[in-house]
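Trainee: Below you'll find work-v5.pdb; it's PDB, C-alpha atoms, pLDDT in the B column.
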MODEL        1
ATOM      1  CA  MET A  29       0.633  -7.813 -32.277  1.00 90.00           C
ATOM      2  CA  THR A  30      -0.338  -7.099 -28.681  1.00 97.00           C
ATOM      3  CA  LEU A  31       0.008  -9.047 -25.454  1.00 98.00           C
ATOM      4  CA  LEU A  32      -2.289  -8.607 -22.469  1.00 98.00           C
ATOM      5  CA  ALA A  33      -0.700  -9.427 -19.074  1.00 98.00           C
ATOM      6  CA  LEU A  34      -2.834 -10.176 -16.001  1.00 98.00           C
ATOM      7  CA  ASP A  35      -1.685 -10.603 -12.406  1.00 98.00           C
ATOM      8  CA  THR A  36      -3.994 -10.944  -9.396  1.00 98.00           C
ATOM      9  CA  SER A  37      -1.709 -13.213  -7.362  1.00 97.00           C
ATOM     10  CA  THR A  38      -2.040 -11.354  -4.055  1.00 96.00           C
ATOM     11  CA  GLU A  39      -3.811  -8.281  -2.665  1.00 95.00           C
ATOM     12  CA  TRP A  40      -1.814  -6.337  -5.245  1.00 96.00           C
ATOM     13  CA  ALA A  41      -2.937  -6.617  -8.859  1.00 97.00           C
ATOM     14  CA  SER A  42      -1.525  -5.431 -12.169  1.00 98.00           C
ATOM     15  CA  VAL A  43      -2.536  -5.335 -15.837  1.00 98.00           C
ATOM     16  CA  ALA A  44      -0.439  -4.316 -18.846  1.00 98.00           C
ATOM     17  CA  LEU A  45      -0.527  -4.129 -22.638  1.00 98.00           C
ATOM     18  CA  TYR A  46       2.717  -4.815 -24.503  1.00 98.00           C
ATOM     19  CA  ASP A  47       3.653  -4.870 -28.191  1.00 97.00           C
ATOM     20  CA  GLY A  48       6.926  -6.776 -28.012  1.00 96.00           C
ATOM     21  CA  ARG A  49       8.989  -3.634 -27.583  1.00 96.00           C
ATOM     22  CA  ASP A  50       7.121  -1.193 -25.344  1.00 98.00           C
ATOM     23  CA  VAL A  51       4.700  -1.354 -22.448  1.00 98.00           C
ATOM     24  CA  LEU A  52       1.782   0.518 -24.013  1.00 98.00           C
ATOM     25  CA  ALA A  53      -0.230   0.901 -20.809  1.00 98.00           C
ATOM     26  CA  GLU A  54      -0.107  -0.468 -17.289  1.00 98.00           C
ATOM     27  CA  GLU A  55      -1.978  -0.238 -13.984  1.00 98.00           C
ATOM     28  CA  THR A  56      -0.848  -1.640 -10.632  1.00 97.00           C
ATOM     29  CA  TRP A  57      -3.085  -1.212  -7.600  1.00 96.00           C
ATOM     30  CA  HIS A  58      -3.955  -2.493  -4.133  1.00 95.00           C
ATOM     31  CA  ALA A  59      -6.988  -4.599  -4.980  1.00 95.00           C
ATOM     32  CA  GLN A  60      -7.251  -6.239  -1.551  1.00 91.00           C
ATOM     33  CA  ARG A  61     -10.052  -8.760  -2.227  1.00 89.00           C
ATOM     34  CA  ARG A  62     -11.755  -6.850  -5.031  1.00 94.00           C
ATOM     35  CA  HIS A  63     -10.009  -8.558  -7.945  1.00 95.00           C
ATOM     36  CA  ALA A  64     -13.215  -9.918  -9.441  1.00 94.00           C
ATOM     37  CA  ASP A  65     -14.865  -6.477  -9.385  1.00 95.00           C
ATOM     38  CA  GLU A  66     -11.903  -4.443 -10.613  1.00 97.00           C
ATOM     39  CA  LEU A  67     -10.032  -6.623 -13.120  1.00 97.00           C
ATOM     40  CA  PHE A  68     -12.267  -6.213 -16.174  1.00 97.00           C
ATOM     41  CA  PRO A  69     -12.896  -2.472 -15.687  1.00 97.00           C
ATOM     42  CA  THR A  70      -9.108  -2.038 -15.547  1.00 98.00           C
ATOM     43  CA  ILE A  71      -8.641  -4.026 -18.754  1.00 98.00           C
ATOM     44  CA  GLU A  72     -11.325  -1.915 -20.445  1.00 97.00           C
ATOM     45  CA  ARG A  73      -9.615   1.324 -19.338  1.00 98.00           C
ATOM     46  CA  LEU A  74      -6.259   0.258 -20.747  1.00 98.00           C
ATOM     47  CA  LEU A  75      -7.810  -0.836 -24.035  1.00 98.00           C
ATOM     48  CA  ALA A  76      -9.638   2.489 -24.333  1.00 98.00           C
ATOM     49  CA  ARG A  77      -6.494   4.511 -23.582  1.00 97.00           C
ATOM     50  CA  THR A  78      -4.484   2.686 -26.231  1.00 98.00           C
ATOM     51  CA  HIS A  79      -7.304   2.361 -28.791  1.00 97.00           C
ATOM     52  CA  ILE A  80      -6.757  -1.400 -28.876  1.00 96.00           C
ATOM     53  CA  THR A  81      -9.634  -3.841 -29.188  1.00 95.00           C
ATOM     54  CA  LEU A  82      -9.935  -7.210 -27.500  1.00 93.00           C
ATOM     55  CA  ALA A  83     -10.104  -8.814 -30.948  1.00 91.00           C
ATOM     56  CA  SER A  84      -6.579  -7.549 -31.698  1.00 93.00           C
ATOM     57  CA  ILE A  85      -5.039  -9.211 -28.615  1.00 96.00           C
ATOM     58  CA  ASP A  86      -3.060 -12.181 -29.931  1.00 95.00           C
ATOM     59  CA  LYS A  87      -1.091 -13.096 -26.798  1.00 96.00           C
ATOM     60  CA  VAL A  88      -2.087 -13.388 -23.146  1.00 97.00           C
ATOM     61  CA  ALA A  89       0.271 -13.871 -20.182  1.00 97.00           C
ATOM     62  CA  VAL A  90      -0.967 -14.622 -16.686  1.00 98.00           C
ATOM     63  CA  ALA A  91       0.821 -14.855 -13.336  1.00 98.00           C
ATOM     64  CA  THR A  92       0.353 -18.360 -11.937  1.00 97.00           C
ATOM     65  CA  GLY A  93       1.629 -17.953  -8.394  1.00 96.00           C
ATOM     66  CA  PRO A  94       2.303 -19.043  -5.823  1.00 97.00           C
ATOM     67  CA  GLY A  95      -0.111 -16.668  -4.159  1.00 95.00           C
ATOM     68  CA  SER A  96      -3.712 -16.301  -3.081  1.00 93.00           C
ATOM     69  CA  PHE A  97      -5.903 -19.274  -4.050  1.00 91.00           C
ATOM     70  CA  THR A  98      -8.807 -17.040  -5.064  1.00 93.00           C
ATOM     71  CA  GLY A  99      -6.672 -14.332  -6.663  1.00 95.00           C
ATOM     72  CA  LEU A 100      -4.795 -16.779  -8.873  1.00 96.00           C
ATOM     73  CA  ARG A 101      -8.010 -18.413 -10.051  1.00 95.00           C
ATOM     74  CA  ILE A 102      -9.545 -15.063 -11.018  1.00 97.00           C
ATOM     75  CA  ALA A 103      -6.682 -14.019 -13.320  1.00 97.00           C
ATOM     76  CA  ILE A 104      -6.255 -17.468 -14.852  1.00 96.00           C
ATOM     77  CA  ALA A 105      -9.965 -17.834 -15.574  1.00 96.00           C
ATOM     78  CA  ALA A 106     -10.048 -14.333 -17.082  1.00 97.00           C
ATOM     79  CA  ALA A 107      -6.952 -15.036 -19.196  1.00 96.00           C
ATOM     80  CA  GLN A 108      -8.400 -18.313 -20.467  1.00 95.00           C
ATOM     81  CA  GLY A 109     -11.687 -16.659 -21.400  1.00 95.00           C
ATOM     82  CA  LEU A 110     -10.031 -13.737 -23.153  1.00 95.00           C
ATOM     83  CA  ALA A 111      -7.545 -15.947 -24.999  1.00 94.00           C
ATOM     84  CA  ARG A 112     -10.299 -18.295 -26.131  1.00 93.00           C
ATOM     85  CA  GLY A 113     -12.485 -15.420 -27.312  1.00 92.00           C
ATOM     86  CA  ALA A 114      -9.682 -13.696 -29.231  1.00 92.00           C
ATOM     87  CA  GLY A 115      -7.990 -16.873 -30.458  1.00 92.00           C
ATOM     88  CA  ALA A 116      -4.832 -15.704 -28.671  1.00 94.00           C
ATOM     89  CA  ALA A 117      -1.815 -17.697 -27.544  1.00 94.00           C
ATOM     90  CA  MET A 118      -1.540 -18.000 -23.766  1.00 95.00           C
ATOM     91  CA  VAL A 119       1.276 -18.614 -21.318  1.00 95.00           C
ATOM     92  CA  GLY A 120       1.553 -18.825 -17.530  1.00 96.00           C
ATOM     93  CA  ILE A 121       4.526 -17.327 -15.675  1.00 96.00           C
ATOM     94  CA  SER A 122       5.383 -17.806 -11.999  1.00 97.00           C
ATOM     95  CA  THR A 123       4.696 -14.740  -9.870  1.00 98.00           C
ATOM     96  CA  LEU A 124       8.061 -15.193  -8.131  1.00 98.00           C
ATOM     97  CA  ASP A 125       9.809 -15.238 -11.525  1.00 97.00           C
ATOM     98  CA  VAL A 126       8.115 -11.906 -12.319  1.00 97.00           C
ATOM     99  CA  LEU A 127       9.345 -10.374  -9.053  1.00 97.00           C
ATOM    100  CA  ALA A 128      12.938 -11.516  -9.548  1.00 97.00           C
ATOM    101  CA  TYR A 129      13.206 -10.684 -13.252  1.00 96.00           C
ATOM    102  CA  PRO A 130      13.958  -6.905 -13.104  1.00 95.00           C
ATOM    103  CA  HIS A 131      16.843  -7.505 -10.689  1.00 95.00           C
ATOM    104  CA  ALA A 132      18.828  -9.843 -12.951  1.00 93.00           C
ATOM    105  CA  ALA A 133      21.201  -7.056 -13.966  1.00 91.00           C
ATOM    106  CA  SER A 134      22.225  -6.528 -10.336  1.00 89.00           C
ATOM    107  CA  LYS A 135      23.874  -9.981 -10.314  1.00 87.00           C
ATOM    108  CA  GLN A 136      22.901 -10.204  -6.649  1.00 93.00           C
ATOM    109  CA  ARG A 137      21.438 -13.371  -5.229  1.00 95.00           C
ATOM    110  CA  THR A 138      17.763 -12.407  -5.141  1.00 97.00           C
ATOM    111  CA  CYS A 139      14.908 -13.695  -3.015  1.00 97.00           C
ATOM    112  CA  PRO A 140      11.359 -12.564  -3.866  1.00 98.00           C
ATOM    113  CA  LEU A 141       8.830 -12.846  -1.030  1.00 97.00           C
ATOM    114  CA  LEU A 142       5.051 -13.129  -1.055  1.00 97.00           C
ATOM    115  CA  PRO A 143       2.815 -13.594   2.000  1.00 94.00           C
ATOM    116  CA  ALA A 144       1.595 -17.182   2.408  1.00 94.00           C
ATOM    117  CA  GLY A 145      -0.359 -16.782   5.669  1.00 91.00           C
ATOM    118  CA  ARG A 146       0.343 -18.167   9.147  1.00 90.00           C
ATOM    119  CA  ASP A 147       3.628 -16.211   9.341  1.00 93.00           C
ATOM    120  CA  GLU A 148       4.940 -17.980   6.235  1.00 96.00           C
ATOM    121  CA  PHE A 149       6.171 -16.582   2.941  1.00 97.00           C
ATOM    122  CA  TYR A 150       6.434 -17.991  -0.564  1.00 97.00           C
ATOM    123  CA  ALA A 151       9.977 -17.617  -1.801  1.00 97.00           C
ATOM    124  CA  ALA A 152      12.673 -18.841  -4.170  1.00 97.00           C
ATOM    125  CA  PHE A 153      16.318 -17.985  -4.804  1.00 97.00           C
ATOM    126  CA  TYR A 154      17.601 -16.552  -8.091  1.00 97.00           C
ATOM    127  CA  GLN A 155      21.231 -16.100  -8.984  1.00 94.00           C
ATOM    128  CA  GLU A 156      23.615 -15.674 -11.885  1.00 89.00           C
ATOM    129  CA  ARG A 157      25.947 -18.599 -12.365  1.00 83.00           C
ATOM    130  CA  ASN A 158      28.131 -19.201 -15.428  1.00 82.00           C
ATOM    131  CA  ARG A 159      26.601 -16.056 -16.949  1.00 82.00           C
ATOM    132  CA  LYS A 160      23.094 -17.460 -16.627  1.00 86.00           C
ATOM    133  CA  TRP A 161      20.425 -15.876 -14.434  1.00 88.00           C
ATOM    134  CA  GLN A 162      18.096 -18.581 -13.203  1.00 92.00           C
ATOM    135  CA  ARG A 163      15.931 -19.745 -10.379  1.00 95.00           C
ATOM    136  CA  ARG A 164      18.304 -21.850  -8.278  1.00 93.00           C
ATOM    137  CA  SER A 165      15.851 -23.337  -5.796  1.00 94.00           C
ATOM    138  CA  PRO A 166      12.390 -24.852  -5.619  1.00 94.00           C
ATOM    139  CA  PHE A 167       9.423 -22.702  -4.789  1.00 96.00           C
ATOM    140  CA  ILE A 168       9.133 -22.880  -1.013  1.00 95.00           C
ATOM    141  CA  ALA A 169       6.797 -21.830   1.773  1.00 95.00           C
ATOM    142  CA  ALA A 170       8.532 -21.098   5.069  1.00 95.00           C
ATOM    143  CA  THR A 171       8.721 -18.781   8.047  1.00 97.00           C
ATOM    144  CA  LEU A 172      11.397 -16.098   7.948  1.00 97.00           C
ATOM    145  CA  PRO A 173      13.675 -17.920  10.449  1.00 97.00           C
ATOM    146  CA  GLU A 174      13.394 -21.127   8.380  1.00 96.00           C
ATOM    147  CA  LEU A 175      14.135 -19.224   5.201  1.00 96.00           C
ATOM    148  CA  CYS A 176      17.102 -17.391   6.694  1.00 96.00           C
ATOM    149  CA  ARG A 177      18.748 -20.672   7.665  1.00 94.00           C
ATOM    150  CA  GLN A 178      19.305 -21.193   3.927  1.00 90.00           C
ATOM    151  CA  ILE A 179      21.096 -17.852   3.504  1.00 94.00           C
ATOM    152  CA  GLY A 180      24.836 -17.603   3.941  1.00 93.00           C
ATOM    153  CA  VAL A 181      25.656 -14.799   1.506  1.00 95.00           C
ATOM    154  CA  HIS A 182      24.367 -11.307   0.763  1.00 96.00           C
ATOM    155  CA  THR A 183      20.829 -11.609  -0.594  1.00 97.00           C
ATOM    156  CA  LEU A 184      18.607  -8.991  -2.202  1.00 97.00           C
ATOM    157  CA  PHE A 185      15.001  -9.198  -0.989  1.00 97.00           C
ATOM    158  CA  VAL A 186      12.171  -8.010  -3.229  1.00 97.00           C
ATOM    159  CA  GLY A 187       8.408  -8.399  -3.277  1.00 96.00           C
ATOM    160  CA  GLU A 188       5.782  -7.688  -0.650  1.00 96.00           C
ATOM    161  CA  ILE A 189       7.957  -6.766   2.301  1.00 96.00           C
ATOM    162  CA  GLY A 190       6.382  -4.750   5.090  1.00 94.00           C
ATOM    163  CA  ALA A 191       8.336  -2.837   7.739  1.00 96.00           C
ATOM    164  CA  GLU A 192       8.050  -5.660  10.276  1.00 97.00           C
ATOM    165  CA  THR A 193       9.232  -8.261   7.760  1.00 97.00           C
ATOM    166  CA  GLU A 194      12.183  -6.102   6.753  1.00 97.00           C
ATOM    167  CA  GLN A 195      13.190  -5.580  10.370  1.00 98.00           C
ATOM    168  CA  THR A 196      12.987  -9.299  11.118  1.00 98.00           C
ATOM    169  CA  LEU A 197      15.248 -10.086   8.164  1.00 98.00           C
ATOM    170  CA  ARG A 198      17.731  -7.422   9.274  1.00 98.00           C
ATOM    171  CA  ASP A 199      17.700  -8.772  12.839  1.00 98.00           C
ATOM    172  CA  ILE A 200      18.402 -12.345  11.684  1.00 98.00           C
ATOM    173  CA  LEU A 201      20.771 -11.728   8.765  1.00 98.00           C
ATOM    174  CA  GLY A 202      22.404  -8.412   9.633  1.00 98.00           C
ATOM    175  CA  PRO A 203      24.336  -6.941   6.688  1.00 97.00           C
ATOM    176  CA  LYS A 204      23.617 -10.023   4.543  1.00 97.00           C
ATOM    177  CA  ALA A 205      20.049  -8.738   4.087  1.00 98.00           C
ATOM    178  CA  LEU A 206      19.833  -6.263   1.197  1.00 97.00           C
ATOM    179  CA  PHE A 207      16.629  -4.565   0.099  1.00 97.00           C
ATOM    180  CA  ALA A 208      15.544  -3.079  -3.196  1.00 92.00           C
ATOM    181  CA  SER A 209      13.787   0.275  -2.986  1.00 93.00           C
ATOM    182  CA  PRO A 210      10.027   0.040  -2.359  1.00 91.00           C
ATOM    183  CA  ALA A 211       9.199   1.095  -5.925  1.00 92.00           C
ATOM    184  CA  SER A 212      11.630  -1.295  -7.617  1.00 92.00           C
ATOM    185  CA  ARG A 213      10.527  -4.334  -5.623  1.00 88.00           C
ATOM    186  CA  MET A 214       6.879  -3.944  -6.632  1.00 90.00           C
ATOM    187  CA  ARG A 215       5.319  -6.532  -8.922  1.00 95.00           C
ATOM    188  CA  ARG A 216       4.401  -5.068 -12.306  1.00 97.00           C
ATOM    189  CA  ALA A 217       2.493  -6.619 -15.174  1.00 98.00           C
ATOM    190  CA  GLY A 218       4.936  -4.964 -17.583  1.00 98.00           C
ATOM    191  CA  TYR A 219       7.607  -7.421 -16.422  1.00 98.00           C
ATOM    192  CA  LEU A 220       5.133 -10.281 -16.709  1.00 98.00           C
ATOM    193  CA  ALA A 221       4.416  -9.131 -20.265  1.00 98.00           C
ATOM    194  CA  GLU A 222       8.101  -9.216 -21.247  1.00 97.00           C
ATOM    195  CA  LEU A 223       8.576 -12.680 -19.782  1.00 96.00           C
ATOM    196  CA  GLY A 224       5.373 -13.948 -21.391  1.00 96.00           C
ATOM    197  CA  TRP A 225       6.291 -12.581 -24.817  1.00 97.00           C
ATOM    198  CA  ARG A 226       9.737 -14.190 -24.708  1.00 94.00           C
ATOM    199  CA  ALA A 227       8.337 -17.479 -23.444  1.00 94.00           C
ATOM    200  CA  LEU A 228       5.883 -17.629 -26.353  1.00 94.00           C
ATOM    201  CA  GLU A 229       8.691 -16.869 -28.801  1.00 92.00           C
ATOM    202  CA  THR A 230      10.858 -19.735 -27.553  1.00 89.00           C
ATOM    203  CA  SER A 231       8.393 -22.502 -26.698  1.00 81.00           C
ATOM    204  CA  PRO A 232       4.983 -23.739 -27.820  1.00 73.00           C
ATOM    205  CA  GLN A 233       1.984 -22.086 -26.220  1.00 71.00           C
ATOM    206  CA  ALA A 234       0.211 -23.921 -23.423  1.00 68.00           C
ATOM    207  CA  LYS A 235      -3.226 -25.321 -24.071  1.00 70.00           C
ATOM    208  CA  LEU A 236      -5.753 -23.133 -22.320  1.00 72.00           C
ATOM    209  CA  GLY A 237      -6.776 -25.806 -19.833  1.00 74.00           C
ATOM    210  CA  GLU A 238      -3.170 -26.615 -18.971  1.00 81.00           C
ATOM    211  CA  VAL A 239      -2.352 -23.278 -17.317  1.00 90.00           C
ATOM    212  CA  GLU A 240      -2.820 -23.983 -13.624  1.00 92.00           C
ATOM    213  CA  PRO A 241      -1.967 -22.124 -10.389  1.00 93.00           C
ATOM    214  CA  ILE A 242       1.260 -23.022  -8.611  1.00 93.00           C
ATOM    215  CA  TYR A 243       0.433 -24.189  -5.108  1.00 88.00           C
ATOM    216  CA  VAL A 244       3.325 -24.783  -2.732  1.00 86.00           C
ATOM    217  CA  LYS A 245       2.547 -27.362  -0.059  1.00 62.00           C
ATOM    218  CA  GLN A 246       5.463 -28.403   2.092  1.00 48.00           C
ATOM    219  CA  PRO A 247       5.525 -29.514   5.724  1.00 39.00           C
ATOM    220  CA  SER A 248       8.783 -27.630   6.292  1.00 42.00           C
ATOM    221  CA  ILE A 249      11.717 -26.174   4.424  1.00 44.00           C
ATOM    222  CA  ARG A 250      14.262 -28.729   3.290  1.00 45.00           C
ATOM    223  CA  PRO A 251      17.816 -28.576   4.668  1.00 40.00           C
ATOM    224  CA  SER A 252      19.088 -28.532   1.079  1.00 41.00           C
ATOM    225  CA  PHE A 253      17.723 -27.981  -2.405  1.00 37.00           C
ATOM    226  CA  ASP A 254      19.247 -31.085  -3.997  1.00 35.00           C
ATOM    227  CA  GLN A 255      15.783 -32.527  -4.650  1.00 32.00           C
ATOM    228  CA  PRO A 256      13.578 -29.526  -5.429  1.00 34.00           C
ATOM    229  CA  PHE A 257       9.842 -29.583  -4.874  1.00 32.00           C
ATOM    230  CA  ALA A 258       9.307 -27.566  -8.042  1.00 37.00           C
ATOM    231  CA  PRO A 259      12.158 -27.992 -10.566  1.00 38.00           C
ATOM    232  CA  PRO A 260      14.003 -24.809 -11.500  1.00 42.00           C
ATOM    233  CA  PRO A 261      14.191 -23.953 -15.205  1.00 41.00           C
ATOM    234  CA  THR A 262      16.838 -25.758 -17.217  1.00 38.00           C
ATOM    235  CA  ASP A 263      18.172 -22.622 -18.871  1.00 39.00           C
ATOM    236  CA  ASP A 264      17.777 -18.874 -18.743  1.00 38.00           C
ATOM    237  CA  LEU A 265      15.347 -18.883 -21.627  1.00 33.00           C
ATOM    238  CA  ALA A 266      12.839 -20.283 -19.164  1.00 40.00           C
ATOM    239  CA  LEU A 267      12.936 -16.900 -17.424  1.00 48.00           C
ATOM    240  CA  GLY A 268      12.817 -15.063 -20.715  1.00 41.00           C
ATOM    241  CA  LEU A 269      16.425 -13.894 -20.398  1.00 44.00           C
ATOM    242  CA  PRO A 270      18.789 -13.914 -23.376  1.00 38.00           C
ATOM    243  CA  LYS A 271      22.072 -15.723 -22.963  1.00 39.00           C
ATOM    244  CA  ARG A 272      25.068 -13.470 -22.517  1.00 37.00           C
ATOM    245  CA  HIS A 273      28.314 -14.307 -24.269  1.00 37.00           C
TER     246      HIS A 273
ENDMDL
END
Let's see the structure in the file written out as structure tokens.

Mentor:
Amino acid sequence: MTLLALDTSTEWASVALYDGRDVLAEETWHAQRRHADELFPTIERLLARTHITLASIDKVAVATGPGSFTGLRIAIAAAQGLARGAGAAMVGISTLDVLAYPHAASKQRTCPLLPAGRDEFYAAFYQERNRKWQRRSPFIAATLPELCRQIGVHTLFVGEIGAETEQTLRDILGPKALFASPASRMRRAGYLAELGWRALETSPQAKLGEVEPIYVKQPSIRPSFDQPFAPPPTDDLALGLPKRH
């Protein structure tokens, strides 16, 4: 059994093959706006390296955003076509969930960031509470000052964070702003693959036409998250994380 993971959510793209235990092959690259030209050649390279055929792919996971309108559509359309052709199960996973996932063991409140244009960022807050690591906020789109008004404790920032963004967060939050190393805050399809595999093990697969991009449209950030725009998962299985006892 093999899962193919596809992510073209932003200018960065990633593809991975996963067998339920190991990441068999993976590529992450700065695609800029060349997703449509580079996605299928990358898939073909990984299949050739691992001697896996498209017909043997029985699971497909795709990052559903938030992110670039065009980028999201490219990966989702490709995933739907490949899943339909191979008769594979398919699942969509939020891009922000993928970014936060590898930092669960840190137990730090974590905030993944993705550029949303017009000085805004897509973001969400993830935190362990009662031994459960979950998304604890809606998906939001906000400027850095708006986002920082929601932060009162030390927060680990991950995702696409340039030098200027990092400095702005440090200037506003001071020591409350923590940053993962550049390599560890990158978005990798291997993480998407793990989350997708676990999601397919614990819930029915989505119908191919039901996997849609996540678009965050809000006039401004809410003063509280009591009524989320996008509901957080009800348990940690929604993020593919096993419960700890």

Trainee: Of the candidates A:Glu156, A:Ala217, A:Ala41, A:Trp225, which shows the shortest atom-to-atom distance to Ala133 in chain A, using only C-alpha atoms?

Mentor: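 Using only C-alpha atoms, Ala133 in chain A sits closest to A:Glu156.
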
Trainee: For Ile121 in chain A, please output as a list in words all residues within 7 Å (counting only C-alpha atoms; exclusion window: fewer than 2 positions along the same chain).

Mentor: Val90, Ala91, Thr92, Val119, Thr123 and Gly224 of chain A

Trainee: When you draw a straight line from CA of Pro203 in chain A to CA of Leu184 in chain A, how long is it in Å?

Mentor: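 CA of Leu184 in chain A lies 10.8 Å from CA of Pro203 in chain A.
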
Trainee: From the set A:Asn158, A:Thr98, A:Thr230, A:Ser42, which residue has the shortest atom-to-atom contact distance to Leu74 in chain A, counting only C-alpha atoms?

Mentor: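 With only C-alpha atoms as the atom set, the closest residue is A:Ser42.
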
Trainee: How big is the axis-aligned box around the listed atoms of range 152-159 of chain A once 3 Å is added on each side, and where is its centre? Give both in Å to one decimal, as JSON.

Mentor:
{"center_x": 20.4, "center_y": -17.4, "center_z": -10.6, "size_x": 21.5, "size_y": 9.5, "size_z": 18.8}

Trainee: In Å, rounded to a single decimal, give me how far CA of Arg216 in chain A is from CA of Arg159 in chain A.

Mentor: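 A separation of 25.2 Å between them.
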
Trainee: Would you please work out which residue, of A:Gly190, A:Glu174, A:Gly202, A:Met118, is nearest to Pro232 in chain A when using only C-alpha atoms?

Mentor: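 Checking each of A:Gly190, A:Glu174, A:Gly202, A:Met118 against Pro232 in chain A, counting only C-alpha atoms, the winner is A:Met118.
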
Trainee: Enumerate, as a tab-separated table (two decimals) with C-alpha atoms, in the frame of the given file, the residues matched when the PyMOL selection byres ((chain A and resi 151) around 6) is run on the file above.

Mentor:
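Result saved to part38.tsv:
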chain	number	residue	atom	x	y	z
A	140	PRO	CA	11.36	-12.56	-3.87
A	141	LEU	CA	8.83	-12.85	-1.03
A	150	TYR	CA	6.43	-17.99	-0.56
A	152	ALA	CA	12.67	-18.84	-4.17
A	167	PHE	CA	9.42	-22.70	-4.79
A	168	ILE	CA	9.13	-22.88	-1.01

Trainee: Can you translate the PyMOL selection byres ((chain A and resi 67) around 10) into the concrete residues it hits in this file, as a ChimeraX atom specification?

Mentor: /A:34-36,41-43,59,62-66,68-72,102-103,106

Trainee: Selection in question (the file shown): the PyMOL selection byres ((chain A and resi 197) around 10). Which residues does it include, as a list in words?

Mentor: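 Expected selection for the PyMOL selection byres ((chain A and resi 197) around 10) here is Leu172, Pro173, Leu175, Cys176, Phe185, Ile189, Glu192, Thr193, Glu194, Gln195, Thr196, Arg198, Asp199, Ile200, Leu201, Gly202, Pro203, Lys204, Ala205, Leu206 and Phe207 of chain A.
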
Trainee: How about saving the chosen residues, C-alpha atoms kept, as a CSV table (one decimal), in the frame of the given file?

Mentor:
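Printed below is result-v9.csv as written:
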chain,number,residue,atom,x,y,z
A,172,LEU,CA,11.4,-16.1,7.9
A,173,PRO,CA,13.7,-17.9,10.4
A,175,LEU,CA,14.1,-19.2,5.2
A,176,CYS,CA,17.1,-17.4,6.7
A,185,PHE,CA,15.0,-9.2,-1.0
A,189,ILE,CA,8.0,-6.8,2.3
A,192,GLU,CA,8.0,-5.7,10.3
A,193,THR,CA,9.2,-8.3,7.8
A,194,GLU,CA,12.2,-6.1,6.8
A,195,GLN,CA,13.2,-5.6,10.4
A,196,THR,CA,13.0,-9.3,11.1
A,198,ARG,CA,17.7,-7.4,9.3
A,199,ASP,CA,17.7,-8.8,12.8
A,200,ILE,CA,18.4,-12.3,11.7
A,201,LEU,CA,20.8,-11.7,8.8
A,202,GLY,CA,22.4,-8.4,9.6
A,203,PRO,CA,24.3,-6.9,6.7
A,204,LYS,CA,23.6,-10.0,4.5
A,205,ALA,CA,20.0,-8.7,4.1
A,206,LEU,CA,19.8,-6.3,1.2
A,207,PHE,CA,16.6,-4.6,0.1

Trainee: Given the choices A:Gln108, A:Ser212, A:Gln60, A:Gln178, which gets closest to Ala128 in chain A if the distance is worked out from all atoms listed in the file?

Mentor: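 The shortest atom-to-atom distance to Ala128 in chain A comes from A:Ser212.
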
Trainee: Provide the CA of Gly115 in chain A to CA of Asp86 in chain A distance in Å, to one decimal place.

Mentor: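 Value for the CA of Gly115 in chain A-CA of Asp86 in chain A distance: 6.8 Å.
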